[in-house]
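To be precise, the following lines are run.txt, and they hold compact mmCIF, C-alpha atoms.
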```txt
# COMPACT_ATOMS: atom_id res chain seq x y z
CA MET A 194 108.45 89.30 80.88
CA PRO A 195 104.84 88.96 79.65
CA GLU A 196 104.13 89.48 75.97
CA VAL A 197 103.32 93.09 75.10
CA VAL A 198 99.80 93.09 73.64
CA ALA A 199 97.52 96.06 72.95
CA GLY A 200 94.15 95.40 74.54
CA ASN A 201 95.26 92.37 76.53
CA PRO A 202 92.16 90.17 77.00
CA ARG A 203 92.95 89.79 80.69
CA PHE A 204 91.88 93.42 81.15
CA PHE A 205 90.08 94.55 77.98
CA LYS A 206 86.97 93.08 76.43
CA ARG A 207 87.34 92.53 72.67
CA SER A 208 84.74 92.41 69.90
CA GLY A 209 85.05 91.52 66.23
CA PRO A 210 86.39 90.44 63.83
CA TYR A 211 85.27 93.19 61.43
CA SER A 212 85.66 93.62 57.71
CA LEU A 213 87.98 96.27 56.32
CA ALA A 214 84.93 98.20 55.13
CA VAL A 215 83.44 98.30 58.64
CA VAL A 216 86.75 99.37 60.18
CA ALA A 217 87.23 102.09 57.57
CA GLY A 218 83.70 103.33 58.24
CA ALA A 219 84.40 103.49 61.98
CA ALA A 220 87.57 105.47 61.29
CA GLY A 221 85.69 107.93 59.10
CA GLY A 222 88.07 107.00 56.29
CA ILE A 223 88.20 105.47 52.82
CA SER A 224 89.72 102.12 51.91
CA GLY A 225 90.03 99.97 48.83
CA ASP A 226 87.56 97.18 47.99
CA ILE A 227 89.56 94.40 49.62
CA ASP A 228 88.19 91.23 51.23
CA LEU A 229 90.00 91.48 54.56
CA MET A 230 88.88 90.61 58.10
CA LEU A 231 90.57 92.37 61.00
CA GLU A 232 90.62 91.02 64.54
CA GLY A 233 92.19 93.79 66.63
CA VAL A 234 94.43 96.85 66.92
CA ALA A 235 98.18 97.06 67.51
CA PRO A 236 101.16 99.43 67.12
CA LEU A 237 102.93 99.57 63.77
CA GLN A 238 105.93 97.71 65.17
CA THR A 239 103.99 94.65 66.38
CA ALA A 240 100.80 94.55 64.29
CA GLY A 241 100.17 91.39 62.29
CA PRO A 242 98.24 90.69 59.07
CA ASN A 243 94.91 90.47 60.94
CA GLU A 244 95.34 93.75 62.87
CA VAL A 245 94.91 97.44 62.14
CA SER A 246 97.35 100.17 63.14
CA PHE A 247 97.79 103.90 62.47
CA LEU A 248 100.35 106.64 61.80
CA ASP A 249 99.83 110.21 62.97
CA ASN A 250 103.42 111.30 63.65
CA ARG A 251 105.92 111.35 60.80
CA ARG A 252 108.65 110.43 63.25
CA TYR A 253 107.40 106.86 62.90
CA LEU A 254 107.56 106.66 59.11
CA PRO A 255 110.39 104.06 59.29
CA ALA A 256 108.07 101.84 61.37
CA LEU A 257 105.38 102.27 58.70
CA ASP A 258 107.83 101.12 56.04
CA GLN A 259 108.47 97.90 57.98
CA THR A 260 105.00 97.18 59.34
CA LEU A 261 103.24 93.87 58.82
CA ALA A 262 99.82 95.26 59.76
CA GLY A 263 96.83 94.13 57.74
CA ALA A 264 95.59 97.73 57.52
CA VAL A 265 96.89 101.15 58.55
CA ILE A 266 95.00 104.40 59.18
CA VAL A 267 96.96 107.28 57.64
CA HIS A 268 96.67 110.83 56.33
CA PRO A 269 96.35 111.14 52.53
CA ASP A 270 99.86 112.64 52.35
CA VAL A 271 101.34 109.46 53.86
CA ALA A 272 99.29 106.93 51.90
CA PRO A 273 102.00 106.36 49.23
CA ARG A 274 104.38 105.13 51.96
CA VAL A 275 102.11 102.28 53.08
CA PRO A 276 103.58 98.86 52.12
CA LYS A 277 101.82 97.14 49.20
CA ALA A 278 100.80 94.18 51.35
CA THR A 279 98.99 96.48 53.81
CA ALA A 280 95.52 97.91 53.19
CA THR A 281 95.28 101.70 53.48
CA ILE A 282 92.54 103.55 55.36
CA VAL A 283 92.79 107.21 54.43
CA THR A 284 91.44 110.00 56.64
CA VAL A 285 92.47 113.58 57.34
CA GLU A 286 92.29 112.81 61.09
CA PRO A 287 94.25 109.54 61.63
CA TYR A 288 94.43 109.80 65.41
CA ALA A 289 90.71 110.41 65.77
CA GLY A 290 90.12 107.52 63.38
CA TRP A 291 92.33 105.31 65.52
CA ALA A 292 90.38 106.30 68.65
CA ARG A 293 87.10 105.25 67.04
CA VAL A 294 88.52 101.98 65.70
CA ALA A 295 90.08 101.10 69.07
CA ALA A 296 86.67 101.68 70.66
CA LEU A 297 85.09 99.46 68.00
CA PHE A 298 87.32 96.51 68.94
CA HIS A 299 87.35 97.31 72.68
CA PRO A 300 83.95 98.76 73.62
CA ALA A 301 83.36 100.08 77.12
CA LEU A 302 81.76 97.61 79.48
CA PRO A 303 78.01 98.12 79.73
CA VAL A 304 76.43 99.28 82.95
CA SER A 305 75.00 96.52 85.15
CA PRO A 306 71.87 98.07 86.69
CA GLY A 307 71.34 97.59 90.38
CA ILE A 308 72.51 98.59 93.86
CA HIS A 309 75.14 96.44 95.57
CA PRO A 310 73.95 95.03 98.92
CA SER A 311 76.78 96.77 100.78
CA ALA A 312 75.91 100.24 99.42
CA ILE A 313 74.21 102.74 101.72
CA VAL A 314 71.53 104.81 100.01
CA ALA A 315 69.53 107.40 101.92
CA GLY A 316 65.78 107.05 101.76
CA THR A 317 65.40 110.50 100.17
CA ALA A 318 68.02 109.87 97.48
CA ILE A 319 66.81 109.25 93.93
CA VAL A 320 68.63 106.53 92.00
CA ASP A 321 67.51 105.73 88.47
CA PRO A 322 66.80 101.98 88.09
CA SER A 323 69.22 101.79 85.15
CA ALA A 324 72.18 103.00 87.26
CA GLU A 325 74.90 100.74 88.66
CA ILE A 326 75.82 101.41 92.29
CA GLY A 327 78.97 99.56 93.36
CA PRO A 328 80.11 98.04 96.65
CA LEU A 329 80.36 100.28 99.75
CA VAL A 330 79.03 103.34 97.93
CA VAL A 331 77.38 106.00 100.11
CA ILE A 332 74.63 108.13 98.59
CA GLU A 333 73.39 110.77 101.01
CA SER A 334 69.99 112.41 101.39
CA GLY A 335 68.57 114.36 98.48
CA ALA A 336 71.21 113.16 96.00
CA GLU A 337 70.09 112.23 92.49
CA ILE A 338 71.75 109.62 90.25
CA GLY A 339 70.67 109.74 86.60
CA ARG A 340 69.99 106.98 84.12
CA GLY A 341 72.84 104.82 82.91
CA CYS A 342 75.32 105.99 85.55
CA ARG A 343 78.03 103.83 87.07
CA ILE A 344 79.16 104.70 90.61
CA GLY A 345 82.38 102.90 91.54
CA PRO A 346 83.29 101.19 94.82
CA CYS A 347 83.56 103.32 97.97
CA ALA A 348 82.44 106.53 96.24
CA VAL A 349 80.59 109.07 98.38
CA ILE A 350 77.82 111.14 96.80
CA GLY A 351 76.99 113.96 99.21
CA ASN A 352 73.75 115.60 100.22
CA GLY A 353 71.87 117.13 97.31
CA VAL A 354 74.47 116.24 94.65
CA VAL A 355 73.03 115.72 91.18
CA VAL A 356 74.76 113.28 88.81
CA GLY A 357 73.37 113.54 85.29
CA PRO A 358 72.78 110.70 82.80
CA ASP A 359 75.51 108.31 81.65
CA CYS A 360 78.14 109.54 84.11
CA ARG A 361 81.04 107.42 85.38
CA ILE A 362 82.20 108.03 88.93
CA GLY A 363 85.35 106.13 89.87
CA ALA A 364 86.34 104.31 93.02
CA HIS A 365 86.86 106.41 96.17
CA VAL A 366 85.60 109.62 94.54
CA SER A 367 83.86 112.11 96.81
CA LEU A 368 81.27 114.53 95.44
CA SER A 369 79.75 117.30 97.52
CA HIS A 370 77.95 120.57 96.69
CA ALA A 371 78.11 119.60 93.01
CA LEU A 372 75.92 119.37 89.93
CA LEU A 373 77.14 117.12 87.12
CA GLY A 374 75.84 117.21 83.56
CA ALA A 375 75.62 114.31 81.12
CA ARG A 376 78.49 111.92 80.34
CA VAL A 377 80.81 113.32 83.00
CA TYR A 378 83.72 111.06 83.93
CA VAL A 379 85.36 111.49 87.34
CA TYR A 380 88.31 109.16 87.76
CA PRO A 381 89.31 107.37 90.97
CA GLY A 382 90.28 109.38 94.01
CA ALA A 383 89.10 112.77 92.78
CA ARG A 384 87.60 115.20 95.30
CA ILE A 385 84.91 117.48 93.98
CA GLY A 386 83.22 120.23 95.98
CA GLN A 387 85.26 120.37 99.17
CA GLU A 388 85.82 123.72 100.88
CA GLY A 389 88.10 126.19 99.14
CA PHE A 390 91.20 127.69 100.73
CA GLY A 391 89.51 130.77 102.12
CA PHE A 392 90.25 132.48 105.43
CA ALA A 393 90.58 135.92 107.00
CA SER A 394 93.61 136.96 109.05
CA THR A 395 92.77 138.41 112.46
CA GLN A 396 94.76 139.43 115.53
CA ASP A 397 93.80 136.13 117.09
CA GLY A 398 94.75 133.99 114.09
CA PHE A 399 92.95 132.75 111.02
CA LEU A 400 89.18 132.82 110.61
CA SER A 401 87.70 130.40 108.08
CA VAL A 402 85.33 131.99 105.56
CA PRO A 403 82.24 129.88 104.77
CA GLN A 404 82.40 128.48 101.24
CA LEU A 405 78.84 128.91 99.98
CA GLY A 406 79.14 128.13 96.27
CA ARG A 407 78.90 124.92 94.27
CA VAL A 408 80.85 123.03 91.62
CA ILE A 409 79.25 122.75 88.18
CA LEU A 410 80.69 120.12 85.84
CA GLU A 411 79.04 120.62 82.47
CA ASP A 412 78.37 117.92 79.85
CA ASP A 413 81.27 115.70 78.70
CA VAL A 414 83.77 116.94 81.29
CA GLU A 415 86.49 114.53 82.45
CA VAL A 416 88.31 114.93 85.77
CA GLY A 417 91.49 112.90 86.22
CA ALA A 418 92.47 110.67 89.12
CA ASN A 419 93.25 112.39 92.44
CA SER A 420 92.37 115.83 91.11
CA THR A 421 90.60 118.33 93.36
CA ILE A 422 88.03 120.98 92.51
CA ASP A 423 87.02 123.35 95.32
CA ARG A 424 83.49 124.65 95.49
CA GLY A 425 82.95 128.37 95.13
CA SER A 426 83.10 130.77 98.06
CA SER A 427 80.24 133.06 97.09
CA ARG A 428 79.62 131.94 93.51
CA ASP A 429 80.11 128.66 91.63
CA THR A 430 83.24 126.94 90.40
CA VAL A 431 82.47 125.93 86.81
CA ILE A 432 84.20 123.47 84.45
CA GLY A 433 82.89 124.10 80.94
CA ALA A 434 81.46 121.50 78.58
CA GLY A 435 83.96 119.13 77.01
CA SER A 436 86.91 120.21 79.17
CA ARG A 437 89.52 117.64 80.21
CA LEU A 438 91.49 117.71 83.45
CA ASP A 439 94.44 115.35 83.81
CA ASN A 440 95.44 113.59 87.04
CA LEU A 441 96.56 115.62 90.08
CA VAL A 442 95.09 118.96 89.02
CA GLN A 443 94.04 121.55 91.63
CA ILE A 444 91.21 123.98 90.81
CA GLY A 445 90.61 126.71 93.38
CA HIS A 446 87.31 128.22 94.46
CA ASN A 447 85.34 130.38 91.99
CA VAL A 448 87.51 129.30 89.05
CA VAL A 449 85.67 129.19 85.72
CA LEU A 450 86.85 127.13 82.76
CA GLY A 451 85.22 127.65 79.37
CA ARG A 452 84.42 125.00 76.80
CA CYS A 453 86.96 122.35 75.77
CA CYS A 454 89.86 123.50 77.93
CA VAL A 455 92.74 121.07 78.51
CA VAL A 456 94.60 121.12 81.83
CA VAL A 457 97.57 118.74 82.15
CA ALA A 458 98.84 117.02 85.31
CA GLN A 459 99.94 118.95 88.43
CA VAL A 460 98.56 122.29 87.28
CA GLY A 461 97.30 124.64 89.98
CA ILE A 462 94.75 127.36 89.23
CA SER A 463 94.17 129.86 92.02
CA GLY A 464 90.79 131.16 93.07
CA SER A 465 88.55 133.32 90.87
CA THR A 466 90.70 132.92 87.74
CA VAL A 467 88.79 132.56 84.46
CA LEU A 468 89.97 130.50 81.50
CA GLU A 469 88.01 131.24 78.35
CA ASP A 470 87.16 128.57 75.74
CA PHE A 471 89.84 126.26 74.29
CA VAL A 472 92.68 127.22 76.65
CA ARG A 473 95.46 124.63 76.96
CA VAL A 474 97.67 124.43 80.04
CA GLY A 475 100.88 122.34 80.19
CA GLY A 476 101.96 120.22 83.13
CA GLN A 477 102.97 121.86 86.43
CA ALA A 478 101.96 125.33 85.26
CA ALA A 479 100.45 127.63 87.88
CA MET A 480 98.17 130.66 87.77
CA ALA A 481 97.69 133.40 90.31
CA GLY A 482 94.19 134.31 91.40
CA HIS A 483 91.69 136.71 89.84
CA LEU A 484 93.20 136.47 86.32
CA ARG A 485 91.52 136.23 82.94
CA ILE A 486 93.11 133.93 80.35
CA GLY A 487 91.87 134.68 76.84
CA GLN A 488 90.33 132.21 74.42
CA GLY A 489 92.71 129.77 72.73
CA THR A 490 95.70 130.65 74.92
CA GLU A 491 98.48 128.06 75.23
CA ILE A 492 100.38 127.99 78.53
CA GLY A 493 103.57 125.94 78.48
CA ALA A 494 104.67 123.41 81.07
CA GLN A 495 105.90 124.86 84.39
CA ALA A 496 104.89 128.39 83.40
CA GLY A 497 103.99 130.81 86.18
CA VAL A 498 101.15 133.09 85.04
CA MET A 499 100.86 136.26 87.11
CA SER A 500 98.82 138.58 84.89
CA ASP A 501 95.94 138.47 82.41
CA LEU A 502 96.63 136.99 78.96
CA ALA A 503 95.04 138.13 75.72
CA ALA A 504 93.24 135.65 73.46
CA GLY A 505 95.60 133.45 71.46
CA SER A 506 98.64 134.04 73.68
CA LYS A 507 101.44 131.47 73.78
CA VAL A 508 103.54 131.77 76.92
CA LEU A 509 106.37 130.01 78.75
CA GLY A 510 108.55 130.59 81.78
CA THR A 511 108.18 132.17 85.20
CA PRO A 512 106.97 134.83 85.14
CA ALA A 513 105.17 133.74 81.98
CA GLN A 514 106.13 135.62 78.83
CA PRO A 515 105.56 135.24 75.09
CA LYS A 516 106.99 132.00 73.76
CA ASN A 517 109.31 133.65 71.23
CA ASP A 518 110.73 136.05 73.84
CA PHE A 519 111.39 133.13 76.17
CA PHE A 520 113.39 131.19 73.59
CA ARG A 521 115.33 134.30 72.53
CA GLN A 522 116.40 134.81 76.15
CA ILE A 523 117.45 131.18 76.47
CA ALA A 524 119.52 131.47 73.28
CA MET A 525 121.14 134.70 74.52
CA LEU A 526 122.02 133.16 77.90
CA LYS A 527 123.61 130.16 76.17
CA THR A 528 125.65 132.48 73.95
CA MET A 529 126.81 134.59 76.92
CA ALA A 530 127.68 131.49 78.94
CA GLY A 531 129.65 130.07 76.00
CA ARG A 532 131.66 133.27 75.62
CA LYS A 533 132.48 133.38 79.34
CA TRP A 534 133.61 129.74 79.28
CA ARG A 535 135.85 130.30 76.27
CA SER A 536 137.38 133.44 77.79
CA LYS A 537 138.31 131.53 80.92
CA ARG A 538 140.06 128.86 78.87
CA ASP A 539 141.87 131.39 76.70
CA PRO A 540 142.51 134.67 78.59
CA SER A 541 143.98 136.24 75.40
CA ASN A 542 140.38 136.43 74.07
```
Representation of the structure as structure tokens:
Amino acid sequence: MPEVVAGNPRFFKRSGPYSLAVVAGAAGGISGDIDLMLEGVAPLQTAGPNEVSFLDNRRYLPALDQTLAGAVIVHPDVAPRVPKATATIVTVEPYAGWARVAALFHPALPVSPGIHPSAIVAGTAIVDPSAEIGPLVVIESGAEIGRGCRIGPCAVIGNGVVVGPDCRIGAHVSLSHALLGARVYVYPGARIGQEGFGFASTQDGFLSVPQLGRVILEDDVEVGANSTIDRGSSRDTVIGAGSRLDNLVQIGHNVVLGRCCVVVAQVGISGSTVLEDFVRVGGQAAMAGHLRIGQGTEIGAQAGVMSDLAAGSKVLGTPAQPKNDFFRQIAMLKTMAGRKWRSKRDPSN
């Protein structure tokens, strides 16, 4: 088996080394005045004296006690547990600090401006000179690619699509009827802007309804690999600024997500449903159409949402119900099942 290494140089570019002060600054934390150079990042269990690690989950406190890391990013409450031989970087947001430090040591590859010879770019398309257009990319008429973009191999950018500045479009992505803001990341295999699932039933069979809307991906949206976002039928499908969609997510036509929503893998959201700002949806959950999900709602994994939810709701189960009610029912069922089992074993009870 190959050695387990965080940021293996075969796949991840590395920079550094950096002083403890520089690393602490990147983490948004405070450290002691120690002359220490750090060369990379690693988990608590494997980090060495020249590496930095972090602790955000108290479940791993035993690993912190045993770590050989040169420095550890921790919350102030945990700082007393850091071994004496390890430098402490204190911040109230250890995981965010870790994200920034990992990016310090492993920066994203810069864009390489230019159009690959095998790419096909329509004469009426507009491609900023600073953009990178990969092999076998197709950019159709009237499309616009903004500054600093990277378009991955075999991606298809449809007629009239606008890709804003500093976007990353992965391999084999297709974009149609879509407007993308700044810093949008669409991961490989995603399909954005295809026709929604709209049809009328007639005596002669099904009649497809023209899908005349668009998809709007606002600034800083991320769309996971092999996810699909249908364009609107008569109005736009909108994914609000800062929202994150995991892999294998299905967004139906006319759906609107507010700002900074999180949608985990294999979620399906039916047409015309609205999620207000900061909604979080667990894996494999599903929502019926034409619903309104209030701000800050948390929908548990595999929940089936069939009605509107007020702001701040926390629901589980199918049909979805308040989290506390769900767990009370589970506890009651376990109690009833236990009684029935005991009565079968001892009929005198």
Open item on the list: Residues within 8 Å of segment 398-404 of chain A, please, as number ranges by chain. Count only C-alpha atoms; anything in the same chain fewer than 6 positions from it doesn't count.
Closed with: A: 388-389, 391-392, 424-427
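Using all atoms listed in the file, the smallest distance between any of A:Ile338, A:Ala280, A:Val455, A:Val408 and Ser369 of chain A comes from A:Val408.
In this structure, atom CA of Ala503 of chain A sits 22.1 Å away from atom CA of Leu438 of chain A.
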Open item on the list: Show me, as a ChimeraX atom specification, the residues that have an atom within 6 Å of segment 257-268 of chain A when counting only C-alpha atoms, minus same-chain residues fewer than 4 positions from it.
Closed with: /A:237-238,240-248,279-285,287
Just the residues within 8 Å of segment 472-478 of chain A, please, counting all atoms listed in the file, with nothing from its chain fewer than 5 positions along; format it as a PDB file with C-alpha atoms, keeping the file's coordinate frame.
```
ATOM      1  CA  GLY A 451      85.220 127.650  79.370  1.00  0.00           C
ATOM      2  CA  CYS A 453      86.960 122.350  75.770  1.00  0.00           C
ATOM      3  CA  CYS A 454      89.860 123.500  77.930  1.00  0.00           C
ATOM      4  CA  VAL A 455      92.740 121.070  78.510  1.00  0.00           C
ATOM      5  CA  VAL A 456      94.600 121.120  81.830  1.00  0.00           C
ATOM      6  CA  VAL A 457      97.570 118.740  82.150  1.00  0.00           C
ATOM      7  CA  ALA A 458      98.840 117.020  85.310  1.00  0.00           C
ATOM      8  CA  GLN A 459      99.940 118.950  88.430  1.00  0.00           C
ATOM      9  CA  VAL A 460      98.560 122.290  87.280  1.00  0.00           C
ATOM     10  CA  GLY A 461      97.300 124.640  89.980  1.00  0.00           C
ATOM     11  CA  ILE A 486      93.110 133.930  80.350  1.00  0.00           C
ATOM     12  CA  GLY A 487      91.870 134.680  76.840  1.00  0.00           C
ATOM     13  CA  GLN A 488      90.330 132.210  74.420  1.00  0.00           C
ATOM     14  CA  GLY A 489      92.710 129.770  72.730  1.00  0.00           C
ATOM     15  CA  THR A 490      95.700 130.650  74.920  1.00  0.00           C
ATOM     16  CA  GLU A 491      98.480 128.060  75.230  1.00  0.00           C
ATOM     17  CA  ILE A 492     100.380 127.990  78.530  1.00  0.00           C
ATOM     18  CA  GLY A 493     103.570 125.940  78.480  1.00  0.00           C
ATOM     19  CA  ALA A 494     104.670 123.410  81.070  1.00  0.00           C
ATOM     20  CA  GLN A 495     105.900 124.860  84.390  1.00  0.00           C
ATOM     21  CA  ALA A 496     104.890 128.390  83.400  1.00  0.00           C
ATOM     22  CA  GLY A 497     103.990 130.810  86.180  1.00  0.00           C
ATOM     23  CA  VAL A 498     101.150 133.090  85.040  1.00  0.00           C
TER      24      VAL A 498
END
```
At a cut-off of 12 Å, using all atoms listed in the file, what residues contact Leu410 of chain A? Leave out same-chain residues fewer than 5 positions from it and give the result as an mmCIF file with C-alpha atoms, keeping the file's coordinate frame.
```cif
data_model
loop_
_atom_site.group_PDB
_atom_site.id
_atom_site.type_symbol
_atom_site.label_atom_id
_atom_site.label_comp_id
_atom_site.auth_asym_id
_atom_site.auth_seq_id
_atom_site.Cartn_x
_atom_site.Cartn_y
_atom_site.Cartn_z
ATOM 1 C CA VAL A 354 74.470 116.240 94.650
ATOM 2 C CA VAL A 355 73.030 115.720 91.180
ATOM 3 C CA VAL A 356 74.760 113.280 88.810
ATOM 4 C CA GLY A 357 73.370 113.540 85.290
ATOM 5 C CA CYS A 360 78.140 109.540 84.110
ATOM 6 C CA LEU A 368 81.270 114.530 95.440
ATOM 7 C CA HIS A 370 77.950 120.570 96.690
ATOM 8 C CA ALA A 371 78.110 119.600 93.010
ATOM 9 C CA LEU A 372 75.920 119.370 89.930
ATOM 10 C CA LEU A 373 77.140 117.120 87.120
ATOM 11 C CA GLY A 374 75.840 117.210 83.560
ATOM 12 C CA ALA A 375 75.620 114.310 81.120
ATOM 13 C CA ARG A 376 78.490 111.920 80.340
ATOM 14 C CA VAL A 377 80.810 113.320 83.000
ATOM 15 C CA TYR A 378 83.720 111.060 83.930
ATOM 16 C CA VAL A 379 85.360 111.490 87.340
ATOM 17 C CA ILE A 385 84.910 117.480 93.980
ATOM 18 C CA GLY A 386 83.220 120.230 95.980
ATOM 19 C CA GLU A 415 86.490 114.530 82.450
ATOM 20 C CA VAL A 416 88.310 114.930 85.770
ATOM 21 C CA ILE A 422 88.030 120.980 92.510
ATOM 22 C CA ASP A 423 87.020 123.350 95.320
ATOM 23 C CA ARG A 424 83.490 124.650 95.490
ATOM 24 C CA ASP A 429 80.110 128.660 91.630
ATOM 25 C CA THR A 430 83.240 126.940 90.400
ATOM 26 C CA VAL A 431 82.470 125.930 86.810
ATOM 27 C CA ILE A 432 84.200 123.470 84.450
ATOM 28 C CA GLY A 433 82.890 124.100 80.940
ATOM 29 C CA ALA A 434 81.460 121.500 78.580
ATOM 30 C CA GLY A 435 83.960 119.130 77.010
ATOM 31 C CA SER A 436 86.910 120.210 79.170
ATOM 32 C CA ARG A 437 89.520 117.640 80.210
ATOM 33 C CA LEU A 438 91.490 117.710 83.450
ATOM 34 C CA VAL A 448 87.510 129.300 89.050
ATOM 35 C CA VAL A 449 85.670 129.190 85.720
ATOM 36 C CA LEU A 450 86.850 127.130 82.760
ATOM 37 C CA GLY A 451 85.220 127.650 79.370
ATOM 38 C CA ARG A 452 84.420 125.000 76.800
#
```
Task: Who sits within 8 Å of segment 217-221 of chain A, only C-alpha atoms, same chain under 2 positions skipped, as a list in words - done: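 The contact residues come out as Leu213, Ala214, Val215, Ile223, Ser224, Ile266, Ile282, Thr284, Pro287, Ala289, Gly290, Trp291, Ala292, Arg293, Val294 and Leu297 of chain A.
Comparing A:Ile319, A:Ala324, A:Ile344, A:Val234 by their smallest distance to Ala199 of chain A, the closest is A:Val234 (using all atoms listed in the file).
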TODO: Using only C-alpha atoms, find all polymer residues with an atom at most 6 Å away from the point (72.9, 105.5, 84.3); report them as a ChimeraX atom specification.
DONE: /A:323-324,339-342,358-359
Please produce segment 524-530 of chain A, completed to all heavy atoms, as a compact mmCIF listing (two decimals), keeping the file's coordinate frame.
```txt
# COMPACT_ATOMS: atom_id res chain seq x y z
N ALA A 524 118.43 131.48 74.25
CA ALA A 524 119.52 131.47 73.28
C ALA A 524 120.60 132.48 73.67
O ALA A 524 121.80 132.21 73.57
CB ALA A 524 118.97 131.78 71.89
N MET A 525 120.18 133.68 74.13
CA MET A 525 121.14 134.70 74.52
C MET A 525 121.95 134.26 75.73
O MET A 525 123.18 134.45 75.78
CB MET A 525 120.40 136.01 74.83
CG MET A 525 121.33 137.16 75.19
SD MET A 525 120.41 138.68 75.49
CE MET A 525 119.74 138.97 73.85
N LEU A 526 121.30 133.64 76.73
CA LEU A 526 122.02 133.16 77.90
C LEU A 526 123.04 132.09 77.52
O LEU A 526 124.15 132.06 78.05
CB LEU A 526 121.02 132.60 78.91
CG LEU A 526 120.18 133.63 79.68
CD1 LEU A 526 119.09 132.95 80.49
CD2 LEU A 526 121.07 134.48 80.58
N LYS A 527 122.66 131.20 76.61
CA LYS A 527 123.61 130.16 76.17
C LYS A 527 124.81 130.79 75.48
O LYS A 527 125.96 130.37 75.68
CB LYS A 527 122.91 129.18 75.24
CG LYS A 527 121.97 128.22 75.94
CD LYS A 527 121.39 127.21 74.96
CE LYS A 527 120.53 126.19 75.67
NZ LYS A 527 119.97 125.18 74.73
N THR A 528 124.56 131.81 74.65
CA THR A 528 125.65 132.48 73.95
C THR A 528 126.58 133.17 74.94
O THR A 528 127.81 133.05 74.85
CB THR A 528 125.08 133.51 72.96
OG1 THR A 528 124.26 132.84 72.01
CG2 THR A 528 126.20 134.23 72.23
N MET A 529 126.01 133.89 75.93
CA MET A 529 126.81 134.59 76.92
C MET A 529 127.62 133.60 77.76
O MET A 529 128.80 133.83 78.06
CB MET A 529 125.91 135.43 77.81
CG MET A 529 125.26 136.60 77.08
SD MET A 529 123.99 137.43 78.09
CE MET A 529 125.00 138.03 79.45
N ALA A 530 126.98 132.49 78.14
CA ALA A 530 127.68 131.49 78.94
C ALA A 530 128.83 130.86 78.14
O ALA A 530 129.91 130.61 78.68
CB ALA A 530 126.70 130.41 79.39
```
